[in-house]
$ cat my_file-v2.cif   # mmCIF, C-alpha atoms and all ligand atoms
data_query
loop_
_atom_site.label_atom_id
_atom_site.label_comp_id
_atom_site.auth_asym_id
_atom_site.auth_seq_id
_atom_site.Cartn_x
_atom_site.Cartn_y
_atom_site.Cartn_z
CA MET A 258 28.41 142.77 300.69
CA ASP A 259 25.82 142.88 303.49
CA ASP A 260 23.60 145.93 304.08
CA ARG A 261 25.03 146.72 307.51
CA LEU A 262 28.54 146.94 306.06
CA LYS A 263 27.33 149.01 303.12
CA GLU A 264 25.71 151.48 305.51
CA ALA A 265 28.65 151.60 307.93
CA SER A 266 31.25 152.08 305.22
CA ALA A 267 29.25 154.92 303.63
CA TYR A 268 28.90 156.51 307.07
CA TYR A 269 32.62 156.39 307.97
CA ASP A 270 33.61 157.41 304.45
CA GLY A 271 31.60 160.63 304.86
CA VAL A 272 31.93 161.48 308.56
CA VAL A 273 35.63 162.28 308.18
CA ARG A 274 34.65 165.34 306.17
CA GLU A 275 31.94 166.44 308.58
CA THR A 276 33.82 166.73 311.86
CA SER A 277 37.34 167.27 313.10
CA ASN A 278 36.64 165.49 316.38
CA LEU A 279 38.79 162.36 316.10
CA ALA A 280 36.57 160.37 318.48
CA VAL A 281 33.41 161.07 316.47
CA THR A 282 35.17 160.06 313.22
CA VAL A 283 35.56 156.56 314.70
CA GLY A 284 32.05 156.24 316.12
CA ARG A 285 32.74 157.31 319.71
CA GLY A 286 31.27 160.20 321.65
CA GLU A 287 32.58 163.78 321.44
CA ASP A 288 33.82 163.51 325.01
CA ASP A 289 35.64 160.22 324.44
CA LEU A 290 38.67 161.77 322.75
CA GLU A 291 40.79 161.74 325.89
CA LYS A 292 40.04 158.04 326.34
CA SER A 293 41.94 157.17 323.14
CA GLU A 294 45.19 156.87 325.08
CA PHE A 295 43.56 154.24 327.34
CA ILE A 296 42.33 152.35 324.28
CA TRP A 297 45.81 152.37 322.78
CA GLN A 298 47.36 151.21 326.08
CA ASP A 299 44.74 148.45 326.34
CA ILE A 300 45.47 147.26 322.79
CA LYS A 301 49.20 147.41 323.49
CA SER A 302 48.88 145.43 326.72
CA LYS A 303 46.94 142.70 324.90
CA LEU A 304 49.19 142.40 321.83
CA ARG A 305 52.33 143.21 323.83
CA PHE A 306 54.43 143.84 320.69
CA GLU A 307 57.31 141.86 322.23
CA ARG A 308 58.96 141.43 318.85
CA ALA A 309 59.53 143.73 315.94
CA GLY A 310 57.05 142.86 313.22
CA ARG A 311 54.44 143.64 310.64
CA VAL A 312 51.12 145.09 311.80
CA LEU A 313 47.89 145.03 309.82
CA ASP A 314 45.18 147.33 311.20
CA ILE A 315 41.89 146.46 309.52
CA GLY A 316 39.28 149.23 309.90
CA CYS A 317 41.94 151.43 311.50
CA GLY A 318 39.69 154.51 311.39
CA TYR A 319 40.61 158.15 311.05
CA GLY A 320 41.10 158.71 314.74
CA GLU A 321 43.38 159.14 317.72
CA VAL A 322 44.12 155.42 318.09
CA THR A 323 45.58 155.33 314.57
CA LYS A 324 47.62 158.41 315.42
CA LEU A 325 48.97 156.68 318.52
CA LEU A 326 49.85 153.53 316.58
CA LEU A 327 51.72 155.60 314.00
CA ARG A 328 53.42 157.68 316.67
CA HIS A 329 54.76 154.56 318.44
CA ALA A 330 55.43 152.36 315.39
CA THR A 331 59.07 153.28 315.00
CA ASP A 332 59.95 152.84 318.71
CA LEU A 333 58.18 149.48 318.79
CA GLU A 334 59.82 148.47 315.49
CA LEU A 335 56.50 147.90 313.80
CA LYS A 336 55.92 148.09 310.07
CA VAL A 337 52.34 149.24 309.71
CA GLN A 338 49.72 148.59 307.04
CA LEU A 339 46.42 150.44 307.49
CA VAL A 340 43.20 149.33 305.84
CA ASP A 341 39.92 151.24 305.72
CA VAL A 342 37.40 152.75 303.32
CA PRO A 343 38.79 155.26 300.77
CA GLY A 344 37.57 158.42 302.58
CA VAL A 345 39.27 157.32 305.81
CA ILE A 346 42.52 156.37 304.07
CA ASP A 347 42.57 159.69 302.20
CA ALA A 348 42.03 161.60 305.45
CA ILE A 349 44.91 159.70 307.10
CA ALA A 350 47.21 160.36 304.11
CA GLU A 351 46.31 164.04 304.14
CA ASN A 352 46.26 164.81 307.85
CA PHE A 353 48.59 162.29 309.52
CA SER A 354 51.38 162.51 306.93
CA ALA A 355 53.87 163.86 309.48
CA LEU A 356 53.35 160.73 311.60
CA LEU A 357 53.57 158.15 308.83
CA PRO A 358 56.77 156.11 308.99
CA PRO A 359 58.36 155.81 305.52
CA ASP A 360 57.54 152.09 305.33
CA ALA A 361 53.85 152.49 306.33
CA LYS A 362 51.33 151.34 303.76
CA LEU A 363 47.81 152.76 303.38
CA VAL A 364 45.35 150.52 301.57
CA PRO A 365 41.78 151.59 300.78
CA GLY A 366 39.10 148.91 300.60
CA LEU A 367 36.66 146.74 302.48
CA PHE A 368 38.04 143.66 304.14
CA PRO A 369 37.92 140.88 303.07
CA HIS A 370 35.94 141.78 299.93
CA ASP A 371 38.65 143.88 298.28
CA PHE A 372 41.58 141.89 299.63
CA ALA A 373 41.44 138.62 297.70
CA ASP A 374 44.89 139.32 296.26
CA LEU A 375 46.45 139.95 299.66
CA ILE A 376 44.84 136.81 301.08
CA ALA A 377 46.06 134.75 298.10
CA SER A 378 49.55 136.29 298.18
CA GLY A 379 50.80 134.36 301.19
CA GLU A 380 51.85 137.62 302.89
CA THR A 381 51.50 137.34 306.67
CA PHE A 382 51.47 139.67 309.66
CA ASP A 383 52.77 139.35 313.21
CA TYR A 384 50.04 141.52 314.69
CA ILE A 385 46.58 142.12 313.31
CA ILE A 386 44.24 144.65 314.88
CA VAL A 387 40.52 144.54 314.08
CA TYR A 388 39.27 146.95 316.69
CA SER A 389 35.65 148.05 316.94
CA VAL A 390 35.05 146.84 313.39
CA VAL A 391 33.33 143.47 313.06
CA HIS A 392 29.98 144.73 314.34
CA CYS A 393 29.86 146.94 311.22
CA SER A 394 28.99 143.76 309.29
CA ASP A 395 26.31 141.09 309.48
CA GLU A 396 29.07 138.62 308.66
CA PRO A 397 31.60 139.31 311.44
CA ARG A 398 32.90 135.76 311.34
CA ARG A 399 33.94 136.21 307.71
CA ILE A 400 36.19 139.11 308.73
CA VAL A 401 37.74 137.19 311.63
CA ASP A 402 38.38 134.08 309.54
CA ALA A 403 39.96 136.02 306.69
CA ALA A 404 42.14 138.00 309.13
CA ALA A 405 43.26 134.84 310.96
CA LYS A 406 44.49 133.41 307.63
CA LEU A 407 46.93 136.32 307.42
CA LEU A 408 48.63 135.55 310.74
CA ALA A 409 52.28 134.54 310.70
CA PRO A 410 53.35 131.68 313.01
CA GLY A 411 53.20 133.09 316.54
CA GLY A 412 51.18 136.01 315.20
CA LYS A 413 48.43 137.63 317.26
CA LEU A 414 45.03 138.82 316.12
CA LEU A 415 43.09 141.14 318.40
CA VAL A 416 39.40 141.26 317.54
CA GLY A 417 38.64 144.09 319.87
CA ASP A 418 35.68 145.95 321.28
CA LEU A 419 33.07 143.28 320.55
CA PRO A 420 29.63 144.59 321.51
CA ASN A 421 28.45 141.21 322.79
CA ILE A 422 24.69 141.61 323.20
CA ASP A 423 24.55 139.04 326.03
CA LYS A 424 27.30 140.90 327.91
CA LYS A 425 25.35 144.13 327.50
CA GLY A 426 22.25 142.35 328.81
CA ARG A 427 24.13 141.11 331.86
CA PHE A 428 25.26 144.67 332.55
CA LEU A 429 21.88 146.31 331.98
CA SER A 430 20.07 143.79 334.16
CA THR A 431 22.04 145.03 337.18
CA GLU A 432 20.92 148.08 339.12
CA PHE A 433 24.31 149.70 338.50
CA GLY A 434 23.94 149.10 334.76
CA ARG A 435 20.45 150.57 334.72
CA ARG A 436 21.61 153.72 336.49
CA PHE A 437 24.62 153.98 334.21
CA GLU A 438 22.37 153.69 331.14
CA ALA A 439 19.99 156.35 332.52
CA ASP A 440 22.91 158.69 333.06
CA TYR A 441 24.38 157.92 329.60
CA ARG A 442 21.07 158.61 327.87
CA GLY A 443 20.15 161.58 330.08
CA LEU A 444 16.94 159.84 331.20
CA PRO A 445 15.35 159.41 334.63
CA VAL A 446 16.10 155.89 335.89
CA ASP A 447 12.45 154.87 335.82
CA GLU A 448 12.37 155.50 332.07
CA VAL A 449 15.05 152.88 331.52
CA PRO A 450 13.53 149.40 331.36
CA SER A 451 14.35 146.98 334.13
CA TYR A 452 15.45 143.56 332.87
CA SER A 453 15.17 140.37 334.89
CA ASP A 454 18.31 138.94 333.28
CA TYR A 455 20.35 139.14 330.07
CA ARG A 456 17.93 136.98 328.09
CA ASP A 457 15.17 139.44 328.96
CA TYR A 458 17.32 142.30 327.56
CA VAL A 459 18.18 140.37 324.42
CA SER A 460 14.53 139.68 323.69
CA ARG A 461 13.23 143.20 324.33
CA GLY A 462 16.28 145.42 324.61
CA LEU A 463 16.52 149.17 324.20
CA ARG A 464 18.47 149.09 320.94
CA GLN A 465 16.96 146.56 318.57
CA GLU A 466 19.23 147.76 315.75
CA GLU A 467 22.28 146.30 317.51
CA ASN A 468 24.22 143.59 315.77
CA ARG A 469 22.71 140.53 317.39
CA VAL A 470 25.10 138.14 315.67
CA ILE A 471 27.69 139.20 318.24
CA CYS A 472 26.71 137.29 321.33
CA ASP A 473 28.09 134.67 323.73
CA GLU A 474 27.50 131.93 321.17
CA PHE A 475 29.56 133.81 318.55
CA VAL A 476 32.44 134.28 321.00
CA PHE A 477 32.34 130.71 322.34
CA LYS A 478 32.23 129.26 318.83
CA LEU A 479 35.29 131.26 317.83
CA LEU A 480 37.15 130.06 320.92
CA GLU A 481 36.17 126.48 320.25
CA ASP A 482 36.92 126.53 316.52
CA TYR A 483 40.25 128.29 316.81
CA ARG A 484 41.46 126.21 319.75
CA SER A 485 40.53 123.08 317.86
CA GLN A 486 42.62 124.35 314.93
CA GLY A 487 45.64 124.72 317.24
CA PHE A 488 45.44 128.45 317.97
CA ASP A 489 45.48 129.87 321.45
CA ALA A 490 42.27 131.82 321.93
CA PHE A 491 41.23 134.06 324.83
CA VAL A 492 38.38 136.36 325.77
CA LEU A 493 39.73 139.45 327.52
CA ASP A 494 37.98 142.19 329.43
CA GLN A 495 38.66 145.89 328.92
CA ASP A 496 40.18 148.53 331.13
CA GLU A 497 37.27 150.27 332.87
CA ARG A 498 38.42 153.62 331.53
CA LEU A 499 37.48 152.62 327.97
CA PRO A 500 34.27 154.15 326.59
CA PHE A 501 32.21 150.93 326.43
CA SER A 502 34.11 148.66 328.81
CA PHE A 503 31.02 147.45 330.65
CA THR A 504 29.38 146.10 327.54
CA ARG A 505 32.29 145.08 325.31
CA GLU A 506 35.06 142.52 325.33
CA ASP A 507 38.02 141.48 323.22
CA LEU A 508 39.10 138.25 321.62
CA LEU A 509 42.75 137.38 321.16
CA LEU A 510 43.80 134.64 318.73
CA ILE A 511 47.42 133.48 318.59
CA ARG A 512 48.65 131.19 315.84
CA GLY A 513 51.00 128.45 317.03
CA LEU A 514 54.70 128.88 316.28
C1 LIG B 1 34.05 152.16 314.89
S1 LIG B 1 35.32 152.64 313.77
C2 LIG B 1 36.75 152.06 314.66
C3 LIG B 1 38.06 152.64 314.17
C4 LIG B 1 39.31 152.21 314.93
N1 LIG B 1 39.59 150.80 314.73
C5 LIG B 1 39.20 152.53 316.39
O1 LIG B 1 38.85 151.65 317.19
O2 LIG B 1 39.46 153.68 316.75
C6 LIG B 1 35.15 151.41 312.51
C7 LIG B 1 36.08 151.62 311.31
O3 LIG B 1 36.18 150.40 310.60
C8 LIG B 1 36.01 150.63 309.21
N2 LIG B 1 35.47 149.38 308.67
C9 LIG B 1 34.36 148.74 309.04
N3 LIG B 1 34.23 147.58 308.39
C10 LIG B 1 35.32 147.49 307.58
C11 LIG B 1 35.76 146.51 306.65
N4 LIG B 1 35.06 145.40 306.44
N5 LIG B 1 36.91 146.75 305.99
C12 LIG B 1 37.62 147.89 306.18
N6 LIG B 1 37.26 148.84 307.07
C13 LIG B 1 36.11 148.64 307.75
C14 LIG B 1 35.07 151.83 309.15
O4 LIG B 1 35.18 152.51 307.92
C15 LIG B 1 35.57 152.65 310.33
O5 LIG B 1 36.61 153.52 309.96
#
$ encode --input "my_file-v2.cif" --output "structure tokens"
Amino acid sequence: MDDRLKEASAYYDGVVRETSNLAVTVGRGEDDLEKSEFIWQDIKSKLRFERAGRVLDIGCGYGEVTKLLLRHATDLELKVQLVDVPGVIDAIAENFSALLPPDAKLVPGLFPHDFADLIASGETFDYIIVYSVVHCSDEPRRIVDAAAKLLAPGGKLLVGDLPNIDKKGRFLSTEFGRRFEADYRGLPVDEVPSYSDYRDYVSRGLRQEENRVICDEFVFKLLEDYRSQGFDAFVLDQDERLPFSFTREDLLLIRGL
């Protein structure tokens, strides 16, 4: 397992015991809680859930979006399987029990490392959500590829909330982006670096600890590889009301029927 994933899983395993703010428990800001409904609506509009089916949520998180999925699962005729680290799964079992449909399954573990049996079993899912997760690993492609193998014919995989470093660079090299960043960090604008273009940001950006594997090349390669394997593959933007919509994007993969 890579170091980034080790660190992230230890962090999320513990944070659920340290705060009751269900935005902070999933890595968002304290004030982002009310935006969870927009995130859920955005996910729903991208996956559409036209048909009843099985949903696998990998890295579901102990947060409001999981609550919303559980709350709507029965109406949408979705049979839900949630995957996350043990602390997160325990917190869901303990605190969301009233929302859990009787056929929901909670599975602790790190994907794909602890899921060899599931992957080998031939079990498939109609909808797979991997939202705000793959940047927790230095091997994001491994997660996407393993998840795509679990798609049923016609099944949809949403790899959401990708912090594409080139997209962030494009945003921060605009004047609007610079002002937004200053406001977000509580800094005067002249303390936020000015970038000539996205390449300039990528080479000397503010946050060097970001996962630099997630970039245009990563996204384009996924589109190319999956389309050449017969999938439909799309890059989708986010509703502006989402917490990081200016710097993140989503990828939707659909297996052919
Ligand atoms: C940023 S939070 C996002 C949670 C939720 N998907 C959301 O968007 O509200 C990331 C979650 O993914 C989990 N996670 C990260 N990598 C994972 C992996 N490889 N397998 C299972 N869970 C993972 C973390 O434990 C954490 O709960």
$ residues_near_ligand --input "my_file-v2.cif" --ligand "ligand LIG 1 (chain B)" --cutoff "8 Å" --atoms "all atoms listed in the file" --output "ChimeraX atom specification"
/A:262,265-270,280,282-285,293,296,314-323,340-342,345,365-370,386-394,400,418
$ closest_residue --input "my_file-v2.cif" --among "A:Thr431, A:Asn352, A:Gln338, A:Asn421" --to "Thr381 in chain A" --atoms "all atoms listed in the file"
A:Gln338
$ atom_distance --input "my_file-v2.cif" --atom1 "CA of Arg461 in chain A" --atom2 "CA of Phe475 in chain A"
19.7 Å
$ closest_residue --input "my_file-v2.cif" --among "A:Arg274, A:Arg484, A:Lys406, A:Arg456" --to "Asp347 in chain A" --atoms "all atoms listed in the file"
A:Arg274
$ residues_around --input "my_file-v2.cif" --residues "Ala361 in chain A" --least-positions-apart "5" --cutoff "8 Å" --atoms "all atoms listed in the file" --output "list in words"
Lys336, Val337, Gln338 and Leu339 of chain A
$ closest_residue --input "my_file-v2.cif" --among "A:Arg398, A:Arg469, A:Lys301, A:Arg427" --to "Asp454 in chain A" --atoms "all atoms listed in the file"
A:Arg427
$ atom_distance --input "my_file-v2.cif" --atom1 "CA of Arg328 in chain A" --atom2 "CA of Ala403 in chain A"
27.4 Å
$ residues_around --input "my_file-v2.cif" --residues "Val492 in chain A" --least-positions-apart "5" --cutoff "10 Å" --atoms "all atoms listed in the file" --output "PDB file with C-alpha atoms, keeping the file's coordinate frame"
ATOM      1  CA  LEU A 415      43.090 141.140 318.400  1.00  0.00           C
ATOM      2  CA  VAL A 416      39.400 141.260 317.540  1.00  0.00           C
ATOM      3  CA  GLY A 417      38.640 144.090 319.870  1.00  0.00           C
ATOM      4  CA  VAL A 476      32.440 134.280 321.000  1.00  0.00           C
ATOM      5  CA  PHE A 477      32.340 130.710 322.340  1.00  0.00           C
ATOM      6  CA  LEU A 479      35.290 131.260 317.830  1.00  0.00           C
ATOM      7  CA  LEU A 480      37.150 130.060 320.920  1.00  0.00           C
ATOM      8  CA  GLU A 506      35.060 142.520 325.330  1.00  0.00           C
ATOM      9  CA  ASP A 507      38.020 141.480 323.220  1.00  0.00           C
ATOM     10  CA  LEU A 508      39.100 138.250 321.620  1.00  0.00           C
ATOM     11  CA  LEU A 509      42.750 137.380 321.160  1.00  0.00           C
ATOM     12  CA  LEU A 510      43.800 134.640 318.730  1.00  0.00           C
TER      13      LEU A 510
END
$ closest_residue --input "my_file-v2.cif" --among "A:Pro397, A:Pro500, A:Gly443, A:Gly513" --to "Lys292 in chain A" --atoms "only C-alpha atoms"
A:Pro500
$ closest_residue --input "my_file-v2.cif" --among "A:Leu499, A:Leu313, A:Val281, A:Ile349" --to "Ala405 in chain A" --atoms "all atoms listed in the file"
A:Leu313
$ residues_near_point --input "my_file-v2.cif" --point "(13.7, 146.4, 325.3)" --cutoff "12 Å" --atoms "all atoms listed in the file" --output "NGL selection string"
:A and (426 or 429-430 or 448-467)
$ atom_distance --input "my_file-v2.cif" --atom1 "CA of Ile385 in chain A" --atom2 "CA of Pro410 in chain A"
12.4 Å
$ closest_residue --input "my_file-v2.cif" --among "A:Asp259, A:Glu294, A:Glu334, A:Glu275" --to "Asp496 in chain A" --atoms "all atoms listed in the file"
A:Glu294
